[in-house]
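Structure below is coords-v4.txt: compact mmCIF, C-alpha atoms.
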```
# COMPACT_ATOMS: atom_id res chain seq x y z
CA MET J 1 -70.28 -95.60 -19.43
CA LYS J 2 -67.06 -97.05 -18.01
CA GLY J 3 -65.76 -97.67 -21.52
CA ARG J 4 -66.46 -94.09 -22.53
CA ALA J 5 -64.78 -92.78 -19.38
CA TRP J 6 -61.73 -94.96 -20.09
CA ILE J 7 -61.53 -93.69 -23.67
CA GLY J 8 -61.88 -90.09 -22.50
CA SER J 9 -59.10 -90.54 -19.93
CA ALA J 10 -56.87 -92.22 -22.48
CA LEU J 11 -57.38 -89.39 -24.98
CA TRP J 12 -56.70 -86.82 -22.28
CA TYR J 13 -53.43 -88.50 -21.28
CA MET J 14 -52.38 -88.95 -24.90
CA GLY J 15 -52.99 -85.26 -25.53
CA ALA J 16 -50.98 -84.30 -22.43
CA ILE J 17 -48.10 -86.56 -23.48
CA ALA J 18 -48.14 -85.16 -27.03
CA LEU J 19 -48.09 -81.59 -25.70
CA ALA J 20 -45.22 -82.42 -23.30
CA LEU J 21 -43.22 -83.99 -26.13
CA TRP J 22 -43.92 -80.98 -28.35
CA VAL J 23 -42.41 -78.69 -25.67
CA LEU J 24 -39.63 -80.90 -24.32
CA ALA J 25 -38.27 -82.44 -27.54
CA PRO J 26 -36.68 -79.19 -28.86
CA ILE J 27 -35.20 -78.46 -25.43
CA TYR J 28 -33.74 -81.97 -25.27
CA LEU J 29 -32.23 -81.71 -28.75
CA ILE J 30 -30.74 -78.29 -28.02
CA GLY J 31 -29.20 -79.58 -24.78
CA LEU J 32 -27.92 -82.71 -26.53
CA LEU J 33 -26.08 -80.74 -29.20
CA ALA J 34 -24.91 -78.05 -26.77
CA PHE J 35 -22.99 -80.69 -24.80
CA SER J 36 -21.62 -82.56 -27.79
CA PRO J 37 -18.39 -81.90 -29.71
CA ARG J 38 -18.67 -79.07 -32.18
CA MET J 39 -18.44 -81.29 -35.25
CA ALA J 40 -21.21 -83.54 -33.89
CA VAL J 41 -23.69 -80.86 -34.90
CA TYR J 42 -23.00 -81.61 -38.58
CA ARG J 43 -23.43 -85.39 -38.35
CA TRP J 44 -26.25 -86.96 -40.31
CA PRO J 45 -28.30 -88.73 -39.21
CA ARG J 46 -28.00 -87.06 -35.84
CA PRO J 47 -28.14 -89.46 -32.88
CA LEU J 48 -31.07 -89.01 -30.52
CA LEU J 49 -29.11 -90.38 -27.55
CA PRO J 50 -25.99 -88.78 -26.03
CA LEU J 51 -23.03 -90.69 -27.46
CA GLU J 52 -20.24 -88.37 -26.36
CA PHE J 53 -20.31 -85.70 -23.64
CA SER J 54 -18.20 -82.61 -24.27
CA LEU J 55 -18.03 -79.05 -22.95
CA GLU J 56 -16.27 -77.87 -26.10
CA THR J 57 -19.35 -76.21 -27.59
CA MET J 58 -20.37 -74.48 -24.37
CA ARG J 59 -16.79 -73.28 -23.75
CA PHE J 60 -16.72 -71.82 -27.25
CA PHE J 61 -19.95 -69.94 -26.61
CA VAL J 62 -18.98 -68.63 -23.17
CA SER J 63 -15.56 -67.48 -24.40
CA ALA J 64 -17.02 -65.67 -27.43
CA THR J 65 -16.63 -61.91 -27.45
CA GLY J 66 -19.35 -60.13 -25.52
CA THR J 67 -21.08 -63.20 -24.08
CA LEU J 68 -20.18 -62.63 -20.43
CA ALA J 69 -20.88 -58.88 -20.63
CA ALA J 70 -24.26 -59.59 -22.25
CA THR J 71 -25.05 -62.17 -19.57
CA ARG J 72 -24.25 -59.61 -16.88
CA ASN J 73 -26.50 -57.06 -18.59
CA SER J 74 -29.32 -59.61 -18.77
CA VAL J 75 -29.04 -60.31 -15.05
CA VAL J 76 -28.98 -56.59 -14.21
CA VAL J 77 -31.99 -55.86 -16.43
CA ALA J 78 -33.94 -58.82 -15.04
CA LEU J 79 -33.25 -57.79 -11.43
CA LEU J 80 -34.26 -54.18 -12.13
CA THR J 81 -37.42 -55.40 -13.85
CA MET J 82 -38.22 -57.67 -10.94
CA MET J 83 -37.84 -54.90 -8.34
CA LEU J 84 -39.76 -52.27 -10.34
CA SER J 85 -42.57 -54.69 -11.19
CA LEU J 86 -43.03 -55.73 -7.57
CA ALA J 87 -42.81 -52.15 -6.29
CA LEU J 88 -45.57 -51.06 -8.70
CA GLY J 89 -47.56 -54.24 -9.13
CA ALA J 90 -47.92 -55.47 -5.55
CA PRO J 91 -49.75 -52.33 -4.28
CA ALA J 92 -51.99 -52.38 -7.36
CA GLY J 93 -52.77 -56.06 -6.82
CA TYR J 94 -53.54 -55.41 -3.15
CA ALA J 95 -55.90 -52.58 -4.09
CA LEU J 96 -57.75 -54.77 -6.60
CA ALA J 97 -58.07 -57.55 -4.04
CA ARG J 98 -59.09 -55.54 -0.99
CA PHE J 99 -61.00 -52.43 -2.06
CA LEU J 100 -64.32 -51.96 -3.82
CA PHE J 101 -64.33 -48.86 -6.01
CA PRO J 102 -66.18 -47.74 -9.13
CA GLY J 103 -64.63 -49.12 -12.28
CA ARG J 104 -62.62 -51.87 -10.59
CA GLU J 105 -63.50 -54.43 -13.27
CA ALA J 106 -62.74 -51.86 -15.96
CA VAL J 107 -59.31 -51.33 -14.40
CA ARG J 108 -58.74 -55.07 -14.36
CA MET J 109 -59.74 -55.31 -18.02
CA GLY J 110 -57.55 -52.33 -18.88
CA ILE J 111 -54.58 -54.05 -17.29
CA LEU J 112 -55.15 -57.06 -19.53
CA MET J 113 -55.64 -54.88 -22.61
CA THR J 114 -52.17 -53.40 -22.27
CA ARG J 115 -50.86 -56.75 -23.52
CA MET J 116 -52.70 -56.21 -26.81
CA PHE J 117 -50.20 -53.62 -28.08
CA PRO J 118 -47.38 -55.35 -30.00
CA MET J 119 -43.86 -54.31 -29.13
CA ALA J 120 -43.05 -53.79 -32.82
CA ILE J 121 -45.40 -50.78 -32.89
CA LEU J 122 -44.05 -49.23 -29.69
CA SER J 123 -40.34 -49.90 -30.20
CA ILE J 124 -39.49 -46.98 -32.50
CA PRO J 125 -41.30 -44.28 -30.43
CA LEU J 126 -39.71 -45.72 -27.29
CA ALA J 127 -36.26 -45.65 -28.88
CA VAL J 128 -36.72 -42.00 -29.93
CA THR J 129 -37.96 -41.07 -26.44
CA PHE J 130 -35.06 -42.80 -24.71
CA ILE J 131 -32.55 -41.11 -27.03
CA ARG J 132 -34.01 -37.71 -26.14
CA ILE J 133 -33.85 -38.30 -22.37
CA GLY J 134 -30.46 -40.01 -22.46
CA LEU J 135 -31.53 -43.53 -21.51
CA TYR J 136 -30.93 -45.21 -24.86
CA ASP J 137 -28.46 -48.11 -24.81
CA THR J 138 -28.63 -48.49 -21.03
CA PRO J 139 -29.96 -51.33 -18.85
CA TRP J 140 -32.52 -48.89 -17.42
CA ALA J 141 -34.20 -48.41 -20.80
CA VAL J 142 -34.65 -52.15 -21.31
CA ALA J 143 -35.73 -52.63 -17.69
CA LEU J 144 -38.45 -49.98 -18.00
CA VAL J 145 -39.87 -51.62 -21.12
CA HIS J 146 -39.70 -55.07 -19.53
CA THR J 147 -41.45 -53.68 -16.46
CA ALA J 148 -44.30 -52.42 -18.63
CA MET J 149 -44.53 -55.87 -20.23
CA ALA J 150 -44.46 -57.79 -16.94
CA LEU J 151 -46.63 -55.45 -14.87
CA PRO J 152 -50.02 -56.91 -15.93
CA PHE J 153 -48.90 -60.40 -14.91
CA VAL J 154 -47.56 -59.16 -11.58
CA ILE J 155 -50.75 -57.23 -10.78
CA LEU J 156 -53.03 -60.16 -11.55
CA ILE J 157 -50.85 -62.69 -9.71
CA THR J 158 -50.49 -60.52 -6.61
CA ALA J 159 -54.23 -59.77 -6.66
CA SER J 160 -54.86 -63.53 -6.58
CA VAL J 161 -52.39 -63.85 -3.71
CA PHE J 162 -54.11 -61.21 -1.56
CA VAL J 163 -57.60 -62.49 -2.41
CA SER J 164 -56.60 -65.87 -0.94
CA ILE J 165 -55.66 -64.22 2.38
CA PRO J 166 -58.78 -63.67 4.55
CA ARG J 167 -59.45 -60.02 5.21
CA ASP J 168 -60.69 -60.99 8.68
CA LEU J 169 -57.09 -61.49 9.78
CA GLU J 170 -56.26 -57.84 9.10
CA GLU J 171 -59.47 -56.67 10.75
CA ALA J 172 -58.71 -58.77 13.82
CA ALA J 173 -55.22 -57.24 14.01
CA MET J 174 -56.71 -53.73 13.80
CA THR J 175 -59.11 -54.50 16.66
CA LEU J 176 -56.02 -55.36 18.74
CA GLY J 177 -54.44 -51.98 18.12
CA CYS J 178 -52.68 -52.30 14.77
CA SER J 179 -53.00 -49.59 12.17
CA PRO J 180 -54.03 -50.66 8.65
CA LEU J 181 -50.41 -50.40 7.52
CA SER J 182 -49.14 -52.33 10.53
CA ALA J 183 -51.78 -55.04 10.01
CA PHE J 184 -50.70 -55.37 6.39
CA LEU J 185 -47.00 -55.56 7.25
CA ARG J 186 -47.45 -58.00 10.14
CA ILE J 187 -50.25 -60.22 8.84
CA SER J 188 -50.87 -60.10 5.09
CA LEU J 189 -47.36 -59.49 3.81
CA PRO J 190 -45.72 -62.53 5.51
CA LEU J 191 -48.54 -64.76 4.27
CA ALA J 192 -48.20 -63.35 0.75
CA LEU J 193 -44.43 -63.70 0.50
CA PRO J 194 -44.41 -67.08 -1.31
CA GLY J 195 -46.80 -65.77 -3.93
CA LEU J 196 -44.88 -62.52 -4.29
CA ALA J 197 -41.67 -64.51 -4.70
CA ALA J 198 -43.33 -66.56 -7.45
CA ALA J 199 -44.45 -63.35 -9.19
CA ALA J 200 -40.94 -61.92 -8.90
CA LEU J 201 -39.31 -65.00 -10.40
CA PHE J 202 -41.90 -65.13 -13.16
CA THR J 203 -41.01 -61.52 -13.97
CA PHE J 204 -37.34 -62.48 -14.02
CA VAL J 205 -38.09 -65.15 -16.64
CA ILE J 206 -40.07 -62.70 -18.80
CA SER J 207 -37.19 -60.22 -18.77
CA TRP J 208 -34.51 -62.86 -19.29
CA ASN J 209 -36.18 -64.26 -22.42
CA GLU J 210 -37.31 -60.98 -24.06
CA VAL J 211 -35.36 -60.17 -27.19
CA PHE J 212 -37.16 -57.67 -29.44
CA ALA J 213 -37.14 -54.60 -27.20
CA ALA J 214 -33.61 -55.37 -25.99
CA ALA J 215 -32.34 -55.57 -29.57
CA ILE J 216 -34.02 -52.26 -30.54
CA LEU J 217 -33.03 -50.29 -27.43
CA THR J 218 -29.37 -51.32 -27.16
CA LEU J 219 -26.27 -51.20 -29.33
CA ARG J 220 -23.27 -51.72 -27.05
CA GLN J 221 -25.05 -52.77 -23.84
CA ARG J 222 -26.68 -55.84 -25.35
CA THR J 223 -28.52 -58.36 -23.24
CA LEU J 224 -27.80 -62.02 -23.93
CA PRO J 225 -30.88 -62.72 -26.12
CA ALA J 226 -30.25 -59.52 -28.09
CA LEU J 227 -26.60 -60.46 -28.60
CA VAL J 228 -27.46 -63.96 -29.77
CA ILE J 229 -30.19 -62.79 -32.15
CA THR J 230 -27.98 -60.10 -33.73
CA VAL J 231 -25.09 -62.51 -34.46
CA LEU J 232 -27.29 -65.49 -35.32
CA ASN J 233 -26.89 -65.39 -39.09
CA GLU J 234 -23.13 -64.97 -38.86
CA SER J 235 -22.54 -67.64 -36.22
CA PRO J 236 -21.73 -71.32 -36.73
CA LEU J 237 -24.47 -73.82 -36.01
CA TYR J 238 -22.94 -75.10 -32.76
CA PHE J 239 -22.82 -71.51 -31.41
CA ARG J 240 -26.59 -71.26 -31.92
CA PHE J 241 -27.30 -74.48 -30.04
CA ALA J 242 -25.04 -73.48 -27.14
CA GLY J 243 -26.64 -70.03 -26.99
CA GLY J 244 -30.12 -71.49 -27.04
CA PHE J 245 -29.37 -73.82 -24.15
CA PHE J 246 -27.58 -71.07 -22.21
CA MET J 247 -30.72 -68.92 -22.42
CA VAL J 248 -33.28 -71.66 -21.83
CA ALA J 249 -31.67 -73.37 -18.82
CA PRO J 250 -32.07 -70.54 -16.23
CA ALA J 251 -35.71 -70.03 -17.23
CA LEU J 252 -36.44 -73.75 -16.82
CA VAL J 253 -34.80 -73.85 -13.39
CA ILE J 254 -36.74 -70.80 -12.17
CA LEU J 255 -40.04 -72.16 -13.52
CA LEU J 256 -39.45 -75.43 -11.70
CA ILE J 257 -38.81 -73.48 -8.50
CA ILE J 258 -41.99 -71.39 -8.73
CA ARG J 259 -44.16 -74.26 -10.02
CA ARG J 260 -45.32 -75.25 -6.54
CA PHE J 261 -46.19 -71.66 -5.60
CA LEU J 262 -48.19 -71.09 -8.78
CA PHE J 263 -50.08 -74.36 -8.35
CA ASN J 264 -50.95 -73.41 -4.79
CA LEU J 265 -52.30 -70.06 -6.02
CA TRP J 266 -54.56 -71.84 -8.49
CA GLY J 267 -55.74 -74.39 -5.95
CA ILE J 268 -53.84 -77.33 -7.51
CA THR J 269 -51.99 -79.71 -5.21
CA SER J 270 -48.46 -80.46 -6.36
CA ARG J 271 -46.06 -83.09 -5.11
```
As a first step, turn the structure in this file into structure tokens.
Amino acid sequence: MKGRAWIGSALWYMGAIALALWVLAPIYLIGLLAFSPRMAVYRWPRPLLPLEFSLETMRFFVSATGTLAATRNSVVVALLTMMLSLALGAPAGYALARFLFPGREAVRMGILMTRMFPMAILSIPLAVTFIRIGLYDTPWAVALVHTAMALPFVILITASVFVSIPRDLEEAAMTLGCSPLSAFLRISLPLALPGLAAAALFTFVISWNEVFAAAILTLRQRTLPALVITVLNESPLYFRFAGGFFMVAPALVILLIIRRFLFNLWGITSR
């Protein structure tokens, strides 16, 4: 039995290491070439260890036409998405966590089913609608679509947050004279803030990395992923590596920040 347990543990760790390498190896190679001289991209065989550090490739990418404006648009869209998703998703998550009503499970399933519709099918009707109402090629158009994409995640995460907060605390506050709204604002909301912050940052990452809707719904007000994807075929190879790292790095930093909060929501202890 001990031998079988040892073999099972070894296989589990080998699988985890293989999965980690599968995810981290491309990120490492992109970062390696993004901080190498431009001509180092064309060397063969390419070194797997950093032999020469250089900001030449990243400076070329940042100074390219439209990069800073697209980065600003990405930040604006991500912030708008984050605020809209929390404003709509947090009350919905609280309702799913606190109230019993007919069809609650159907509502929960319907929220998940909204992720079944591919953006490729919805993009053209959305573009036509936004042209008619005057929102096409604006950060608001992209933010609304990103909000619709992120809303199911926000609702389910915030529902998990409020489920983990005992309802007895709110009831005790109401017995001491608080109204339901006051009990929520004074008791539940402060306790839920770390989870809500994690949901907000997760939404930021979703919006920052989304490319298809942003490329369809913008022409001049491109976000950074949309700009990179539209000039990809015409750009030199080192521009692509620098752009990839420039887009991946903020998402990695944010995911590392919210990792502890998400683990706590799922009952996993992190150190």
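Neighbouring residues of Leu51 of chain J at 12 Å or closer, counting all atoms listed in the file and skipping chain neighbours under 4 positions away, are Leu32, Leu33, Phe35, Ser36, Pro37, Ala40, Arg46 and Pro47 of chain J.
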Item checked: For Ala141 of chain J, the nearest of the candidates J:Met119, J:Ile155, J:Ala214, J:Ala198, counting only C-alpha atoms -> J:Ala214
Margin query: Report, in Å to a single decimal, how far apart atom CA of Ala78 of chain J and atom CA of Val248 of chain J are.
Written below: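 Separation between atom CA of Val248 of chain J and atom CA of Ala78 of chain J: 14.5 Å.
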Checklist line | Residue with smallest distance to Phe212 of chain J - pool J:Pro91, J:Gly177, J:Pro225, J:Gly31, counting all atoms listed in the file | finding: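 Using all atoms listed in the file, the shortest distance to Phe212 of chain J belongs to J:Pro225.
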Margin query: Using all atoms listed in the file, can you tell me which of J:Val228, J:Leu252, J:Ala20, J:Ala25 comes closest to Thr71 of chain J?
Written below: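 Among the listed residues, J:Val228 lies closest to Thr71 of chain J.
From atom CA of Leu181 of chain J back to atom CA of Phe204 of chain J, the distance works out to 27.9 Å.
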Margin query: If I take atom CA of Arg167 of chain J and atom CA of Leu151 of chain J, how far is one from the other in Å, to one decimal?
Written below: 24.3 Å
Item checked: Nearest candidate to Ser164 of chain J (options J:Tyr42, J:Leu68, J:Tyr94, J:Leu24; using all atoms listed in the file) ->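 For Ser164 of chain J, the nearest of the given residues is J:Tyr94.
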Margin query: Report as number ranges by chain all protein, DNA and RNA residues lying within 12 Å of Leu122 of chain J, evaluated on all atoms listed in the file, omitting residues in the same chain fewer than 3 positions from it.
Written below: J: 114-119, 125-129, 145, 148-149, 212-213, 216-217
Print the selection's residues with C-alpha atoms to a file, as a PDB file, in the coordinates of the input.
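Output saved as again-v3.pdb:
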```
ATOM      1  CA  THR J 114     -52.170 -53.400 -22.270  1.00  0.00           C
ATOM      2  CA  ARG J 115     -50.860 -56.750 -23.520  1.00  0.00           C
ATOM      3  CA  MET J 116     -52.700 -56.210 -26.810  1.00  0.00           C
ATOM      4  CA  PHE J 117     -50.200 -53.620 -28.080  1.00  0.00           C
ATOM      5  CA  PRO J 118     -47.380 -55.350 -30.000  1.00  0.00           C
ATOM      6  CA  MET J 119     -43.860 -54.310 -29.130  1.00  0.00           C
ATOM      7  CA  PRO J 125     -41.300 -44.280 -30.430  1.00  0.00           C
ATOM      8  CA  LEU J 126     -39.710 -45.720 -27.290  1.00  0.00           C
ATOM      9  CA  ALA J 127     -36.260 -45.650 -28.880  1.00  0.00           C
ATOM     10  CA  VAL J 128     -36.720 -42.000 -29.930  1.00  0.00           C
ATOM     11  CA  THR J 129     -37.960 -41.070 -26.440  1.00  0.00           C
ATOM     12  CA  VAL J 145     -39.870 -51.620 -21.120  1.00  0.00           C
ATOM     13  CA  ALA J 148     -44.300 -52.420 -18.630  1.00  0.00           C
ATOM     14  CA  MET J 149     -44.530 -55.870 -20.230  1.00  0.00           C
ATOM     15  CA  PHE J 212     -37.160 -57.670 -29.440  1.00  0.00           C
ATOM     16  CA  ALA J 213     -37.140 -54.600 -27.200  1.00  0.00           C
ATOM     17  CA  ILE J 216     -34.020 -52.260 -30.540  1.00  0.00           C
ATOM     18  CA  LEU J 217     -33.030 -50.290 -27.430  1.00  0.00           C
TER      19      LEU J 217
END
```
Next item on the list: Identify, on the basis of all atoms listed in the file, every residue whose closest approach to His146 of chain J does not exceed 8 Å; exclude the query and any residue fewer than 2 positions from it along the same chain; express the result as a PyMOL selection string.
Entry: chain J and resi 81+142-144+148-150+206-207+210
Kindly export the residues of the current selection with C-alpha atoms, as a short mmCIF file (atom, residue, chain, number, x, y, z; two decimals), keeping the file's coordinate frame.
```cif
data_model
loop_
_atom_site.label_atom_id
_atom_site.label_comp_id
_atom_site.auth_asym_id
_atom_site.auth_seq_id
_atom_site.Cartn_x
_atom_site.Cartn_y
_atom_site.Cartn_z
CA THR J 81 -37.42 -55.40 -13.85
CA VAL J 142 -34.65 -52.15 -21.31
CA ALA J 143 -35.73 -52.63 -17.69
CA LEU J 144 -38.45 -49.98 -18.00
CA ALA J 148 -44.30 -52.42 -18.63
CA MET J 149 -44.53 -55.87 -20.23
CA ALA J 150 -44.46 -57.79 -16.94
CA ILE J 206 -40.07 -62.70 -18.80
CA SER J 207 -37.19 -60.22 -18.77
CA GLU J 210 -37.31 -60.98 -24.06
#
```
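Counting all atoms listed in the file and comparing J:Cys178, J:Met83, J:Leu185, J:Val205, the residue that lies closest to Val253 of chain J is J:Val205.
Each of J:Leu29, J:Ile254, J:Val231, J:Met247 was checked against Ala64 of chain J using only C-alpha atoms; the smallest atom-to-atom distance is that of J:Val231.
Taking only C-alpha atoms into account, the residues near (-51.7, -57.4, -6.6), no farther than 8 Å, are Gly89, Ala90, Pro91, Ala92, Gly93, Tyr94, Ala95, Leu96, Ala97, Val154, Ile155, Leu156, Ile157, Thr158, Ala159, Ser160, Val161 and Phe162 of chain J.
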Subset file: segment 17-48 of chain J, C-alpha atoms, as a PDB file, in the first residue's frame:
```pdb
ATOM      1  CA  ILE J  17       5.422  19.891 -12.848  1.00  0.00           C
ATOM      2  CA  ALA J  18       4.644  19.063 -16.493  1.00  0.00           C
ATOM      3  CA  LEU J  19       1.591  21.343 -16.430  1.00  0.00           C
ATOM      4  CA  ALA J  20       3.605  24.168 -14.818  1.00  0.00           C
ATOM      5  CA  LEU J  21       6.334  23.820 -17.458  1.00  0.00           C
ATOM      6  CA  TRP J  22       3.710  23.792 -20.213  1.00  0.00           C
ATOM      7  CA  VAL J  23       2.377  27.146 -18.947  1.00  0.00           C
ATOM      8  CA  LEU J  24       5.600  28.820 -17.817  1.00  0.00           C
ATOM      9  CA  ALA J  25       7.983  27.827 -20.633  1.00  0.00           C
ATOM     10  CA  PRO J  26       6.346  30.064 -23.311  1.00  0.00           C
ATOM     11  CA  ILE J  27       6.192  32.978 -20.858  1.00  0.00           C
ATOM     12  CA  TYR J  28       9.870  32.510 -20.022  1.00  0.00           C
ATOM     13  CA  LEU J  29      10.895  32.381 -23.680  1.00  0.00           C
ATOM     14  CA  ILE J  30       8.832  35.463 -24.528  1.00  0.00           C
ATOM     15  CA  GLY J  31      10.398  37.383 -21.628  1.00  0.00           C
ATOM     16  CA  LEU J  32      13.875  36.171 -22.585  1.00  0.00           C
ATOM     17  CA  LEU J  33      13.580  37.441 -26.147  1.00  0.00           C
ATOM     18  CA  ALA J  34      11.753  40.631 -25.136  1.00  0.00           C
ATOM     19  CA  PHE J  35      14.780  41.683 -23.070  1.00  0.00           C
ATOM     20  CA  SER J  36      17.414  40.626 -25.575  1.00  0.00           C
ATOM     21  CA  PRO J  37      18.890  42.662 -28.437  1.00  0.00           C
ATOM     22  CA  ARG J  38      16.686  42.779 -31.487  1.00  0.00           C
ATOM     23  CA  MET J  39      18.979  40.641 -33.628  1.00  0.00           C
ATOM     24  CA  ALA J  40      19.129  37.977 -30.899  1.00  0.00           C
ATOM     25  CA  VAL J  41      15.648  36.897 -31.953  1.00  0.00           C
ATOM     26  CA  TYR J  42      17.050  35.568 -35.239  1.00  0.00           C
ATOM     27  CA  ARG J  43      19.895  33.534 -33.719  1.00  0.00           C
ATOM     28  CA  TRP J  44      19.833  29.792 -34.185  1.00  0.00           C
ATOM     29  CA  PRO J  45      20.015  27.803 -32.045  1.00  0.00           C
ATOM     30  CA  ARG J  46      18.436  30.213 -29.617  1.00  0.00           C
ATOM     31  CA  PRO J  47      20.005  30.188 -26.138  1.00  0.00           C
ATOM     32  CA  LEU J  48      17.737  29.093 -23.303  1.00  0.00           C
TER      33      LEU J  48
END
```
